[in-house]
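Dropping upload_1.cif in here (mmCIF, C-alpha atoms, pLDDT in the B column; chains and numbers go by the auth columns):
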data_target
loop_
_atom_site.group_PDB
_atom_site.id
_atom_site.type_symbol
_atom_site.label_atom_id
_atom_site.label_comp_id
_atom_site.label_asym_id
_atom_site.label_seq_id
_atom_site.Cartn_x
_atom_site.Cartn_y
_atom_site.Cartn_z
_atom_site.B_iso_or_equiv
_atom_site.auth_seq_id
_atom_site.auth_asym_id
ATOM 1 C CA MET A 1 22.862 11.669 6.369 50.00 1087 A
ATOM 2 C CA PRO A 2 20.690 11.699 3.232 64.00 1088 A
ATOM 3 C CA ASN A 3 22.253 10.700 -0.054 86.00 1089 A
ATOM 4 C CA PHE A 4 21.386 13.553 -2.395 90.00 1090 A
ATOM 5 C CA THR A 5 22.236 11.623 -5.572 91.00 1091 A
ATOM 6 C CA LYS A 6 19.938 8.769 -4.581 93.00 1092 A
ATOM 7 C CA MET A 7 17.174 11.204 -3.619 93.00 1093 A
ATOM 8 C CA ALA A 8 17.572 13.026 -6.953 94.00 1094 A
ATOM 9 C CA ILE A 9 17.347 9.748 -8.889 95.00 1095 A
ATOM 10 C CA LYS A 10 14.140 8.827 -7.041 94.00 1096 A
ATOM 11 C CA ALA A 11 12.593 12.267 -7.529 93.00 1097 A
ATOM 12 C CA THR A 12 13.454 12.263 -11.234 95.00 1098 A
ATOM 13 C CA PHE A 13 12.042 8.774 -11.669 93.00 1099 A
ATOM 14 C CA LEU A 14 8.786 9.707 -9.905 91.00 1100 A
ATOM 15 C CA ARG A 15 8.406 12.789 -12.081 92.00 1101 A
ATOM 16 C CA LEU A 16 8.968 10.710 -15.238 93.00 1102 A
ATOM 17 C CA LEU A 17 6.580 8.029 -13.969 90.00 1103 A
ATOM 18 C CA ASP A 18 3.913 10.667 -13.558 88.00 1104 A
ATOM 19 C CA GLU A 19 4.403 11.598 -17.227 90.00 1105 A
ATOM 20 C CA LYS A 20 4.582 8.190 -18.904 90.00 1106 A
ATOM 21 C CA PRO A 21 4.295 4.419 -18.457 89.00 1107 A
ATOM 22 C CA LEU A 22 7.026 2.566 -16.612 87.00 1108 A
ATOM 23 C CA SER A 23 7.964 0.572 -19.724 89.00 1109 A
ATOM 24 C CA GLN A 24 8.937 3.806 -21.493 92.00 1110 A
ATOM 25 C CA ILE A 25 11.355 4.999 -18.794 93.00 1111 A
ATOM 26 C CA THR A 26 15.018 4.124 -19.258 93.00 1112 A
ATOM 27 C CA VAL A 27 18.049 4.422 -17.020 94.00 1113 A
ATOM 28 C CA LYS A 28 19.584 6.675 -19.680 95.00 1114 A
ATOM 29 C CA GLU A 29 16.625 9.040 -19.471 95.00 1115 A
ATOM 30 C CA ILE A 30 16.685 9.090 -15.662 95.00 1116 A
ATOM 31 C CA VAL A 31 20.385 9.940 -15.460 94.00 1117 A
ATOM 32 C CA GLU A 32 20.196 12.570 -18.213 94.00 1118 A
ATOM 33 C CA GLU A 33 17.212 14.260 -16.551 93.00 1119 A
ATOM 34 C CA CYS A 34 18.834 13.969 -13.141 90.00 1120 A
ATOM 35 C CA GLY A 35 22.281 15.164 -14.225 91.00 1121 A
ATOM 36 C CA VAL A 36 24.226 12.159 -12.926 92.00 1122 A
ATOM 37 C CA ASN A 37 26.147 9.453 -14.754 90.00 1123 A
ATOM 38 C CA ARG A 38 25.002 5.857 -15.298 92.00 1124 A
ATOM 39 C CA ASN A 39 27.496 4.565 -12.759 92.00 1125 A
ATOM 40 C CA SER A 40 25.841 6.694 -10.084 92.00 1126 A
ATOM 41 C CA PHE A 41 22.493 5.107 -10.892 93.00 1127 A
ATOM 42 C CA TYR A 42 23.920 1.585 -10.783 94.00 1128 A
ATOM 43 C CA TYR A 43 25.821 2.339 -7.582 94.00 1129 A
ATOM 44 C CA HIS A 44 22.466 2.890 -5.854 94.00 1130 A
ATOM 45 C CA PHE A 45 20.113 0.590 -7.787 93.00 1131 A
ATOM 46 C CA GLN A 46 20.537 -2.685 -9.622 94.00 1132 A
ATOM 47 C CA ASP A 47 17.899 -1.683 -12.181 92.00 1133 A
ATOM 48 C CA ILE A 48 14.593 0.177 -12.526 91.00 1134 A
ATOM 49 C CA PRO A 49 12.531 -2.548 -10.781 89.00 1135 A
ATOM 50 C CA ALA A 50 14.886 -2.257 -7.778 91.00 1136 A
ATOM 51 C CA LEU A 51 14.301 1.513 -7.800 92.00 1137 A
ATOM 52 C CA VAL A 52 10.519 0.971 -7.901 88.00 1138 A
ATOM 53 C CA GLU A 53 10.727 -1.537 -5.072 86.00 1139 A
ATOM 54 C CA GLU A 54 12.736 0.803 -2.855 88.00 1140 A
ATOM 55 C CA ILE A 55 10.361 3.708 -3.464 87.00 1141 A
ATOM 56 C CA LEU A 56 7.299 1.580 -2.662 81.00 1142 A
ATOM 57 C CA THR A 57 8.946 0.030 0.399 83.00 1143 A
ATOM 58 C CA GLU A 58 9.816 3.475 1.741 84.00 1144 A
ATOM 59 C CA ALA A 59 6.259 4.670 1.089 80.00 1145 A
ATOM 60 C CA ALA A 60 4.870 1.607 2.899 74.00 1146 A
ATOM 61 C CA ASP A 61 7.202 2.177 5.843 79.00 1147 A
ATOM 62 C CA GLN A 62 6.166 5.856 6.042 79.00 1148 A
ATOM 63 C CA ILE A 63 2.479 4.951 6.069 74.00 1149 A
ATOM 64 C CA ILE A 64 3.083 2.269 8.700 73.00 1150 A
ATOM 65 C CA ALA A 65 4.959 4.778 10.865 78.00 1151 A
ATOM 66 C CA ALA A 66 2.160 7.322 10.423 76.00 1152 A
ATOM 67 C CA TYR A 67 -0.464 4.802 11.598 70.00 1153 A
ATOM 68 C CA PRO A 68 0.950 3.005 14.649 69.00 1154 A
ATOM 69 C CA ALA A 69 -2.610 2.483 15.903 67.00 1155 A
ATOM 70 C CA ILE A 70 -5.834 2.437 13.934 67.00 1156 A
ATOM 71 C CA ASP A 71 -9.212 2.472 15.604 68.00 1157 A
ATOM 72 C CA SER A 72 -11.577 1.713 12.720 70.00 1158 A
ATOM 73 C CA LEU A 73 -11.935 -0.333 9.566 68.00 1159 A
ATOM 74 C CA GLU A 74 -12.426 2.927 7.699 75.00 1160 A
ATOM 75 C CA GLY A 75 -9.021 4.078 8.943 72.00 1161 A
ATOM 76 C CA CYS A 76 -7.519 0.818 7.661 63.00 1162 A
ATOM 77 C CA LEU A 77 -8.931 1.238 4.184 70.00 1163 A
ATOM 78 C CA ASN A 78 -8.073 4.933 3.964 74.00 1164 A
ATOM 79 C CA ALA A 79 -4.473 4.244 4.982 70.00 1165 A
ATOM 80 C CA ALA A 80 -4.224 1.593 2.275 67.00 1166 A
ATOM 81 C CA VAL A 81 -5.241 4.051 -0.473 78.00 1167 A
ATOM 82 C CA GLU A 82 -3.319 7.083 0.823 76.00 1168 A
ATOM 83 C CA PHE A 83 -0.114 6.698 -1.209 73.00 1169 A
ATOM 84 C CA ALA A 84 -1.999 5.639 -4.333 79.00 1170 A
ATOM 85 C CA MET A 85 -4.194 8.739 -4.202 82.00 1171 A
ATOM 86 C CA LYS A 86 -1.216 11.061 -3.774 81.00 1172 A
ATOM 87 C CA ASN A 87 0.630 9.430 -6.680 81.00 1173 A
ATOM 88 C CA ARG A 88 -2.304 8.390 -8.873 85.00 1174 A
ATOM 89 C CA ARG A 89 -0.726 8.491 -12.341 87.00 1175 A
ATOM 90 C CA GLY A 90 2.554 6.919 -11.266 85.00 1176 A
ATOM 91 C CA VAL A 91 0.798 4.175 -9.325 85.00 1177 A
ATOM 92 C CA LEU A 92 -1.433 3.398 -12.298 87.00 1178 A
ATOM 93 C CA HIS A 93 1.653 3.200 -14.511 88.00 1179 A
ATOM 94 C CA ILE A 94 3.181 0.671 -12.091 86.00 1180 A
ATOM 95 C CA TYR A 95 -0.135 -1.190 -11.788 86.00 1181 A
ATOM 96 C CA HIS A 96 -0.291 -1.609 -15.565 88.00 1182 A
ATOM 97 C CA SER A 97 3.367 -2.640 -15.891 87.00 1183 A
ATOM 98 C CA VAL A 98 5.173 -5.956 -15.717 84.00 1184 A
ATOM 99 C CA ASN A 99 6.314 -4.836 -12.243 80.00 1185 A
ATOM 100 C CA ARG A 100 2.784 -4.845 -10.828 85.00 1186 A
ATOM 101 C CA ASP A 101 3.756 -7.579 -8.364 87.00 1187 A
ATOM 102 C CA ILE A 102 6.013 -5.070 -6.587 83.00 1188 A
ATOM 103 C CA PHE A 103 3.017 -2.814 -5.981 81.00 1189 A
ATOM 104 C CA GLU A 104 0.909 -5.756 -4.834 88.00 1190 A
ATOM 105 C CA GLN A 105 3.587 -6.687 -2.264 86.00 1191 A
ATOM 106 C CA TYR A 106 3.578 -3.086 -1.026 82.00 1192 A
ATOM 107 C CA LEU A 107 -0.209 -3.108 -0.762 83.00 1193 A
ATOM 108 C CA TRP A 108 -0.256 -6.438 1.128 87.00 1194 A
ATOM 109 C CA LYS A 109 2.323 -5.018 3.552 83.00 1195 A
ATOM 110 C CA ILE A 110 0.163 -1.940 4.171 80.00 1196 A
ATOM 111 C CA ALA A 111 -3.043 -3.996 4.449 81.00 1197 A
ATOM 112 C CA HIS A 112 -1.412 -6.361 6.939 84.00 1198 A
ATOM 113 C CA HIS A 113 -0.070 -3.555 9.096 82.00 1199 A
ATOM 114 C CA VAL A 114 -3.216 -1.453 9.213 79.00 1200 A
ATOM 115 C CA VAL A 115 -5.520 -4.402 9.850 81.00 1201 A
ATOM 116 C CA LYS A 116 -3.177 -5.806 12.511 83.00 1202 A
ATOM 117 C CA ALA A 117 -2.992 -2.389 14.213 81.00 1203 A
ATOM 118 C CA TYR A 118 -6.793 -2.160 14.127 79.00 1204 A
ATOM 119 C CA ALA A 119 -7.182 -5.731 15.413 81.00 1205 A
ATOM 120 C CA ASP A 120 -4.674 -5.142 18.225 81.00 1206 A
ATOM 121 C CA SER A 121 -6.741 -2.227 19.507 79.00 1207 A
ATOM 122 C CA LEU A 122 -10.005 -4.099 18.992 77.00 1208 A
ATOM 123 C CA PHE A 123 -8.843 -7.339 20.636 79.00 1209 A
ATOM 124 C CA ALA A 124 -6.824 -5.647 23.394 78.00 1210 A
ATOM 125 C CA GLU A 125 -8.762 -6.938 26.383 80.00 1211 A
ATOM 126 C CA LYS A 126 -10.553 -9.830 24.707 78.00 1212 A
ATOM 127 C CA PRO A 127 -9.354 -13.373 25.449 84.00 1213 A
ATOM 128 C CA LEU A 128 -9.672 -14.608 21.861 81.00 1214 A
ATOM 129 C CA LYS A 129 -7.868 -17.704 20.678 85.00 1215 A
ATOM 130 C CA GLU A 130 -4.900 -16.851 18.470 86.00 1216 A
ATOM 131 C CA SER A 131 -6.407 -18.863 15.611 88.00 1217 A
ATOM 132 C CA ASP A 132 -9.614 -16.784 15.765 87.00 1218 A
ATOM 133 C CA ARG A 133 -7.609 -13.555 15.773 86.00 1219 A
ATOM 134 C CA GLU A 134 -5.660 -14.746 12.747 89.00 1220 A
ATOM 135 C CA VAL A 135 -8.808 -15.674 10.803 89.00 1221 A
ATOM 136 C CA ILE A 136 -10.355 -12.254 11.434 87.00 1222 A
ATOM 137 C CA VAL A 137 -7.148 -10.408 10.504 87.00 1223 A
ATOM 138 C CA ARG A 138 -6.750 -12.420 7.292 90.00 1224 A
ATOM 139 C CA PHE A 139 -10.361 -11.731 6.330 89.00 1225 A
ATOM 140 C CA TYR A 140 -10.027 -7.969 6.742 85.00 1226 A
ATOM 141 C CA GLU A 141 -6.577 -7.925 5.100 87.00 1227 A
ATOM 142 C CA GLY A 142 -8.077 -9.572 2.037 90.00 1228 A
ATOM 143 C CA GLU A 143 -10.979 -7.160 2.078 85.00 1229 A
ATOM 144 C CA CYS A 144 -8.678 -4.117 2.181 82.00 1230 A
ATOM 145 C CA PHE A 145 -6.404 -5.514 -0.523 86.00 1231 A
ATOM 146 C CA GLY A 146 -9.293 -6.534 -2.750 89.00 1232 A
ATOM 147 C CA MET A 147 -11.112 -3.227 -2.476 85.00 1233 A
ATOM 148 C CA VAL A 148 -7.991 -1.251 -3.386 85.00 1234 A
ATOM 149 C CA MET A 149 -7.089 -3.571 -6.280 88.00 1235 A
ATOM 150 C CA LYS A 150 -10.636 -3.344 -7.688 90.00 1236 A
ATOM 151 C CA TRP A 151 -10.498 0.451 -7.422 89.00 1237 A
ATOM 152 C CA MET A 152 -7.191 0.452 -9.274 88.00 1238 A
ATOM 153 C CA SER A 153 -8.449 -1.931 -11.978 90.00 1239 A
ATOM 154 C CA GLU A 154 -11.246 0.568 -12.639 90.00 1240 A
ATOM 155 C CA GLY A 155 -8.787 3.438 -13.128 89.00 1241 A
ATOM 156 C CA MET A 156 -8.726 4.828 -9.577 88.00 1242 A
ATOM 157 C CA LYS A 157 -11.824 6.933 -10.139 86.00 1243 A
ATOM 158 C CA ASP A 158 -12.766 9.513 -7.538 84.00 1244 A
ATOM 159 C CA GLY A 159 -15.113 8.383 -4.825 85.00 1245 A
ATOM 160 C CA ILE A 160 -13.099 5.624 -3.145 85.00 1246 A
ATOM 161 C CA GLN A 161 -13.253 7.351 0.234 83.00 1247 A
ATOM 162 C CA GLU A 162 -17.023 7.750 -0.012 87.00 1248 A
ATOM 163 C CA ALA A 163 -17.318 4.060 -0.939 85.00 1249 A
ATOM 164 C CA ILE A 164 -15.125 3.152 2.043 81.00 1250 A
ATOM 165 C CA SER A 165 -17.300 5.233 4.374 83.00 1251 A
ATOM 166 C CA ARG A 166 -20.472 3.644 3.034 87.00 1252 A
ATOM 167 C CA LEU A 167 -19.071 0.116 3.322 82.00 1253 A
ATOM 168 C CA CYS A 168 -18.060 0.765 6.914 79.00 1254 A
ATOM 169 C CA GLU A 169 -21.484 2.177 7.685 84.00 1255 A
ATOM 170 C CA LEU A 170 -23.156 -0.915 6.227 85.00 1256 A
ATOM 171 C CA ARG A 171 -20.837 -3.269 8.119 81.00 1257 A
ATOM 172 C CA ARG A 172 -20.985 -1.487 11.456 82.00 1258 A
ATOM 173 C CA GLY A 173 -21.070 -4.033 14.268 84.00 1259 A
ATOM 174 C CA MET A 174 -19.927 -7.003 12.186 85.00 1260 A
ATOM 175 C CA VAL A 175 -16.460 -7.331 13.674 81.00 1261 A
ATOM 176 C CA GLU A 176 -17.876 -6.971 17.166 83.00 1262 A
ATOM 177 C CA GLU A 177 -20.335 -9.767 16.331 86.00 1263 A
ATOM 178 C CA MET A 178 -17.438 -11.918 15.097 85.00 1264 A
ATOM 179 C CA ILE A 179 -15.630 -11.328 18.387 84.00 1265 A
ATOM 180 C CA ARG A 180 -18.791 -12.129 20.376 84.00 1266 A
ATOM 181 C CA ARG A 181 -19.196 -15.410 18.508 86.00 1267 A
ATOM 182 C CA CYS A 182 -15.537 -16.309 19.062 84.00 1268 A
ATOM 183 C CA LEU A 183 -15.877 -15.679 22.805 84.00 1269 A
ATOM 184 C CA GLU A 184 -19.195 -17.499 22.965 83.00 1270 A
ATOM 185 C CA GLY A 185 -17.623 -20.706 21.689 67.00 1271 A
ATOM 186 C CA GLN A 186 -14.716 -20.654 24.148 67.00 1272 A
ATOM 187 C CA PRO A 187 -14.646 -22.534 27.472 60.00 1273 A
#

Let me see the file written as structure tokens.
Amino acid sequence: MPNFTKMAIKATFLRLLDEKPLSQITVKEIVEECGVNRNSFYYHFQDIPALVEEILTEAADQIIAAYPAIDSLEGCLNAAVEFAMKNRRGVLHIYHSVNRDIFEQYLWKIAHHVVKAYADSLFAEKPLKESDREVIVRFYEGECFGMVMKWMSEGMKDGIQEAISRLCELRRGMVEEMIRRCLEGQP
């Protein structure tokens, strides 16, 4: 059964985060806007960073559930930017805050899941060594994470999806070549 007080606190916080930087949002402001008392806030959350972490974890879990299988690198990258695009101002406020590490953890979690899901479908019938699989997954995880972080550092300007499509077009066949080389070197 959903906890309506907790949901209201989250919704109020997200609305405030869309309006102003994280450092300017207080528990007092959240509870006054939400119409609950401070004790209700602290019953559900230790502090604002805990609230941010729960919201980002839930968003990551929702994206992971929405993408149980991914069949392209483009799908991986698009999944990694999905939440950020829907919540652009709020995400930028978190990115530019002292709690940026919470967002980075969320992004690593998404990058790991989407790349692993893509790799699982790509490697399904291929007898690759586990160490080779891991190297390829780590490479693409870093690529997804890095591309999204660079996009965010530049203010999340429009055009990320076009850039993703172009990158994937330019890299077409590379992962298959990596797999071929891994198999070629095996007994």

Could you state which residues are captured by the PyMOL selection byres ((chain A and resi 1175) around 8) in this file, as a list in words?
->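 Residues picked by the PyMOL selection byres ((chain A and resi 1175) around 8): Leu1103, Asp1104, Glu1105, Asn1173, Arg1174, Gly1176, Val1177, Leu1178 and His1179 of chain A.
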
Taking the file as shown, find all residues satisfying the PyMOL selection byres ((chain A and resi 1220) around 12) and write them as number ranges by chain.
-> A: 1198, 1201-1202, 1205-1206, 1209, 1214-1219, 1221-1227, 1265, 1268

Near-Val1122 in chain A list (12 Å; only C-alpha atoms; drop same-chain fewer than 6 positions) as a PyMOL selection string | chain A and resi 1090-1095+1098+1113-1116+1128-1130

Please produce, as a tab-separated table, a per-residue contact table for range 1176-1237 of chain A versus range 1162-1172 of chain A (criterion: any atom at most 8 Å away, all atoms listed in the file considered), showing the nearest atom pair and its distance in Å to one decimal, sorted by chain then residue number.
residue	atom	partner	partner_atom	distance
A:Val1177	CA	A:Ala1170	CA	5.9
A:Leu1193	CA	A:Ala1166	CA	6.9
A:Ile1196	CA	A:Ala1166	CA	5.9
A:Ala1197	CA	A:Ala1166	CA	6.1
A:Val1200	CA	A:Cys1162	CA	5.1
A:Val1201	CA	A:Cys1162	CA	6.0
A:Tyr1204	CA	A:Cys1162	CA	7.2
A:Cys1230	CA	A:Leu1163	CA	5.7
A:Phe1231	CA	A:Ala1166	CA	7.9
A:Val1234	CA	A:Val1167	CA	6.6

Please evaluate the PyMOL selection byres ((chain A and resi 1112) around 12) against the structure above and give the resulting residues as a list of chain:residue names.
->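 Those residues are A:Thr1098, A:Phe1099, A:Leu1102, A:Leu1103, A:Lys1106, A:Pro1107, A:Leu1108, A:Ser1109, A:Gln1110, A:Ile1111, A:Val1113, A:Lys1114, A:Glu1115, A:Ile1116, A:Val1117, A:Glu1118, A:Glu1119, A:Arg1124, A:Phe1127, A:Asp1133, A:Ile1134, A:Pro1135, A:Leu1137.
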
Distance of CA of Thr1143 in chain A from CA of Asn1185 in chain A, expressed in Å to one decimal place |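 Result for CA of Asn1185 in chain A versus CA of Thr1143 in chain A: 13.8 Å, one decimal.
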
Counting only C-alpha atoms, the residue of A:Leu1208, A:Glu1262, A:Pro1213, A:Ala1203 that sits nearest Ala1152 in chain A = A:Ala1203

Rounded to one decimal in Å, what is the spacing between CA of Val1138 in chain A and CA of Asn1089 in chain A?
->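 One can read the CA of Val1138 in chain A to CA of Asn1089 in chain A distance as 17.1 Å.
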
Distance query Ile1141 in chain A at most 9 Å, only C-alpha atoms, self and fewer than 5 positions along chain excluded, as a list in words | Lys1096, Leu1100, Ala1136 and Ala1146 of chain A

Could you state the separation of CA of Ala1151 in chain A and CA of His1199 in chain A in Å, given to one decimal place?
-> 9.9 Å
